[in-house]
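Notes to accompany the following structure.
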Amino acid sequence: MNSLTREQLMAAVAETRSPTRRQVQTRRRLSLLAAVVWMCGVFVSVGAFAHSAARPTFATAAITLGLCVLAVTSTAAVLRRSATPIGPSHLTLAITTALIPFAVLGWLSFWQPAAAHGDVPAGWRCSGLTLVLGLALLAALAFANRASDAIHPRSLGAAYGAVAGAWAAVFAAGWCPLFDLPHTLFGHVIPIAMLAAVGVVFARLLAANPRVSTDRSG
Amino acid sequence: MDRYAMGDLAAFEVLYDGLAPRLRAMLRRRHCDAALTEDLIQQTFLRMHAARGHYCRGQEVVPWAFAIARRLMIDAWRRSRREHGRPERTTVATLSGPEEDLIADEIARRLARTIDELPPLHREAFDLVKMDGLTIEETAQVLGTTVNAIKLRIHRAYQSLRSATEGLK
């Protein structure tokens with residue numbers, strides 16, 4: 001049985017296409033570059049930092065910098081190279097995914113006194129901006145790491161979604177000078193949770209699940 | 001694995017020959033029947049094949065293969081809800097004389113029962129280190145936890161085994 005299994009496996013492996021490391025690296029660079037270009041392009045097209053001119057410059061800089069630190073930290077936690085290809089543990093991914101929305105809310109609330117005054121809209125535009133930016137990055141992350149996880153792809157997908165949301169929050173908070181709890185929740189925090197949920201859907205793409213027949217009968 | 005990740009398909013055979021026996025032993029020890037074991041080994045290697053481009057130079061392969069096989073085994077058990085028989089797992093060094101044999105049998109019986117009754121987390125760590133020959137670090141990677149947590153689980157497992165054989169020495 002062992003030799004039969006071995007022969008069949010070798011045949012299946014020979015027939016199943018899988019990218020080499022070099023191809024994966026190229027794919028990773030191109031997709032992440034495309035996402036960064038898209039995010040910067042959208043940010044500039046909606047007015048960039050000029051849109052948040054009603055808020056003091058130092059507050060905009062501090063908010064953006066703080067969220068950048070959060071995004072970098074969470075990216076490092078999820079994407080860092082570990083001692084094995086297993087990647088971060090399920091617990092690390094779950095904690096990172098859960099903490100990001102709360103951290104964004106906490107940081108924006110901390111800078112509430114510096115927010116611009118006036119009528120605060122519901123937050124459709126902020127929500128839309130966060131989703132448009134975050135979805136692009138999430139799609140790039142999922143495409144770059146396609147078929148990479150054989151153990152916990154759903155947790156990884158959710159974490160990618162949250163990380164994409166953290167980076168989108170950097171741009172959205174740099175663009176929006178307002179603070180109001182319902183607005184911040186609807187426009188800045190809930191989209192991150194939505195991106196994490198969408199990341200779970202991307203799990204099928206992330207799963208290292210080859211479509212080959214392993215039937216030993218023939 | 002490094003050669004294989006760079007596209008050398010011949011290196012896959014070397015990888016298979018090195019890993020398959022260890023995976024087979026691990027799966028059989030966890031009461032997978034022969035057919036399921038071979039199927040899980042195939043699936044494990046096909047997943048490694050699909051993800052080979054994401055392997056970075058210097059990363060450890062054994063914990064990765066064990067973690068994939070373990071995940072597949074759990075999924076298979078959940079899917080089928082099959083009942084598996086418990087093979088004999090007791091081997092004790094032969095002692096001389098009928099009295100020593102009786103004591104050895106009793107120790108073996110108690111140890112087997114205690115191992116079966118270990119909490120799943122302790123049992124998993126104990127099996128991977130003591131039965132499958134993984135290091136503490138590799139076991140921590142497979143189970144997605146810290147080295148200290150694995151040391152603690154194995155220590156607790158030892159404590160249980162020690163207390164089970166007390167009074168028989």
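Chain lettering (A, B, ...) mirrors the order of the structure tokens, residue numbering begins at 1 for each chain separately, and ligand numbering begins at 1 in order of display.
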
Would you tabulate, counting only C-alpha atoms, all residues of chain A that have an atom at most 6 Å from an atom of chain B, showing the closest pair of atoms and their distance in Å to one decimal, sorted by chain then ascending number, as a Markdown table?
```
| residue | atom | partner | partner_atom | distance |
| --- | --- | --- | --- | --- |
| A:Ser18 | CA | B:Ala50 | CA | 5.2 |
| A:Pro19 | CA | B:Gly53 | CA | 5.5 |
| A:Thr20 | CA | B:Gly53 | CA | 4.3 |
| A:Arg21 | CA | B:Gly53 | CA | 3.7 |
| A:Val24 | CA | B:Gly53 | CA | 5.7 |
| A:Ala83 | CA | B:Gln59 | CA | 5.1 |
| A:Thr84 | CA | B:Gln59 | CA | 4.7 |
| A:Pro85 | CA | B:Tyr55 | CA | 5.9 |
| A:Ile86 | CA | B:Trp64 | CA | 5.6 |
| A:Ser89 | CA | B:Gly144 | CA | 4.7 |
| A:Ala147 | CA | B:Ala51 | CA | 5.7 |
| A:Ser148 | CA | B:Ala51 | CA | 4.8 |
| A:Ile151 | CA | B:Ile68 | CA | 5.8 |
| A:Ala208 | CA | B:Arg47 | CA | 5.2 |
| A:Asn209 | CA | B:Arg47 | CA | 5.8 |
```

Would you mind exporting N, CA and C atoms of the selected residues as a PDB file, in the first residue's frame?
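What follows is the written file out_36.pdb:
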```pdb
ATOM      1  N   SER A  18       1.906  24.174  -8.616  1.00  0.00           N
ATOM      2  CA  SER A  18       2.029  25.003  -7.410  1.00  0.00           C
ATOM      3  C   SER A  18       3.198  25.952  -7.631  1.00  0.00           C
ATOM      4  N   PRO A  19       3.013  27.213  -7.288  1.00  0.00           N
ATOM      5  CA  PRO A  19       4.059  28.192  -7.578  1.00  0.00           C
ATOM      6  C   PRO A  19       5.315  27.956  -6.755  1.00  0.00           C
ATOM      7  N   THR A  20       6.441  28.269  -7.338  1.00  0.00           N
ATOM      8  CA  THR A  20       7.701  28.177  -6.607  1.00  0.00           C
ATOM      9  C   THR A  20       7.861  29.435  -5.746  1.00  0.00           C
ATOM     10  N   ARG A  21       8.919  29.425  -4.935  1.00  0.00           N
ATOM     11  CA  ARG A  21       9.133  30.562  -4.043  1.00  0.00           C
ATOM     12  C   ARG A  21       9.312  31.867  -4.829  1.00  0.00           C
ATOM     13  N   VAL A  24       6.016  33.122  -6.023  1.00  0.00           N
ATOM     14  CA  VAL A  24       5.237  33.667  -4.903  1.00  0.00           C
ATOM     15  C   VAL A  24       5.746  35.064  -4.542  1.00  0.00           C
ATOM     16  N   ALA A  83       9.493  30.486  12.817  1.00  0.00           N
ATOM     17  CA  ALA A  83      10.484  29.402  12.696  1.00  0.00           C
ATOM     18  C   ALA A  83      10.008  28.283  11.781  1.00  0.00           C
ATOM     19  N   THR A  84       8.700  28.178  11.582  1.00  0.00           N
ATOM     20  CA  THR A  84       8.154  27.162  10.684  1.00  0.00           C
ATOM     21  C   THR A  84       7.153  27.839   9.744  1.00  0.00           C
ATOM     22  N   PRO A  85       6.768  27.173   8.665  1.00  0.00           N
ATOM     23  CA  PRO A  85       5.755  27.775   7.784  1.00  0.00           C
ATOM     24  C   PRO A  85       4.344  27.774   8.385  1.00  0.00           C
ATOM     25  N   ILE A  86       4.190  27.287   9.606  1.00  0.00           N
ATOM     26  CA  ILE A  86       2.866  27.254  10.229  1.00  0.00           C
ATOM     27  C   ILE A  86       2.320  28.670  10.402  1.00  0.00           C
ATOM     28  N   SER A  89       0.128  31.600  15.708  1.00  0.00           N
ATOM     29  CA  SER A  89      -0.848  30.664  16.267  1.00  0.00           C
ATOM     30  C   SER A  89      -2.258  31.219  16.107  1.00  0.00           C
ATOM     31  N   ALA A 147      -3.231  30.060  -1.184  1.00  0.00           N
ATOM     32  CA  ALA A 147      -2.818  28.664  -0.927  1.00  0.00           C
ATOM     33  C   ALA A 147      -1.596  28.574  -0.022  1.00  0.00           C
ATOM     34  N   SER A 148      -1.544  29.426   0.982  1.00  0.00           N
ATOM     35  CA  SER A 148      -0.365  29.421   1.850  1.00  0.00           C
ATOM     36  C   SER A 148      -0.621  28.747   3.189  1.00  0.00           C
ATOM     37  N   ILE A 151      -3.517  25.139   7.847  1.00  0.00           N
ATOM     38  CA  ILE A 151      -3.913  24.814   9.212  1.00  0.00           C
ATOM     39  C   ILE A 151      -5.086  25.657   9.704  1.00  0.00           C
ATOM     40  N   ALA A 208      -4.409  26.064   1.653  1.00  0.00           N
ATOM     41  CA  ALA A 208      -3.586  25.211   0.794  1.00  0.00           C
ATOM     42  C   ALA A 208      -4.337  23.905   0.613  1.00  0.00           C
ATOM     43  N   ASN A 209      -5.271  23.917  -0.306  1.00  0.00           N
ATOM     44  CA  ASN A 209      -6.169  22.778  -0.474  1.00  0.00           C
ATOM     45  C   ASN A 209      -6.206  22.376  -1.941  1.00  0.00           C
TER      46      ASN A 209
END
```

(message) Residues near region 49-59 of chain A, anyone? I mean within 6 Å using only C-alpha atoms, not counting same-chain ones fewer than 2 positions away, as a VMD selection string.
(response) chain A and resid 47 61 to 63 115 to 116 174 to 177

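Coordinates place CA of Leu105 (chain A) at a distance of 13.4 Å from CA of Ala162 (chain A).
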
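Rounded to one decimal, CA of Ala142 (chain A) and CA of Leu70 (chain A) lie 20.4 Å from each other.
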
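Separating CA of Met26 (chain B) from CA of Asp132 (chain B) is a distance of 6.0 Å.
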
(message) I want to know what sits within 7 Å of region 188-190 of chain A, based on only C-alpha atoms, with residues of the same chain fewer than 4 positions away left out; could you give that as a count of residues only?
(response) 9

(request) Please provide the set of residues having any atom within 12 Å of Arg153 (chain B), restricted to only C-alpha atoms, with same-chain residues fewer than 6 positions apart removed, written as a ChimeraX atom specification. (result) /B:118-129,136,139-140,143,145-147,159-160

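All residues of protein, DNA or RNA that reach within 9 Å of Leu9 (chain A), judged by only C-alpha atoms and not counting those fewer than 3 positions away in the chain, are Leu4, Thr5, Arg6, Ala12, Val13, Ala14 and Thr214 of chain A; Gln42, Phe45 and Leu46 of chain B.
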
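With only C-alpha atoms as the atoms that count, the residue of A:Leu141, A:Arg17, A:Leu99, A:Ile192 with the shortest distance to Thr73 (chain A) is A:Leu99.
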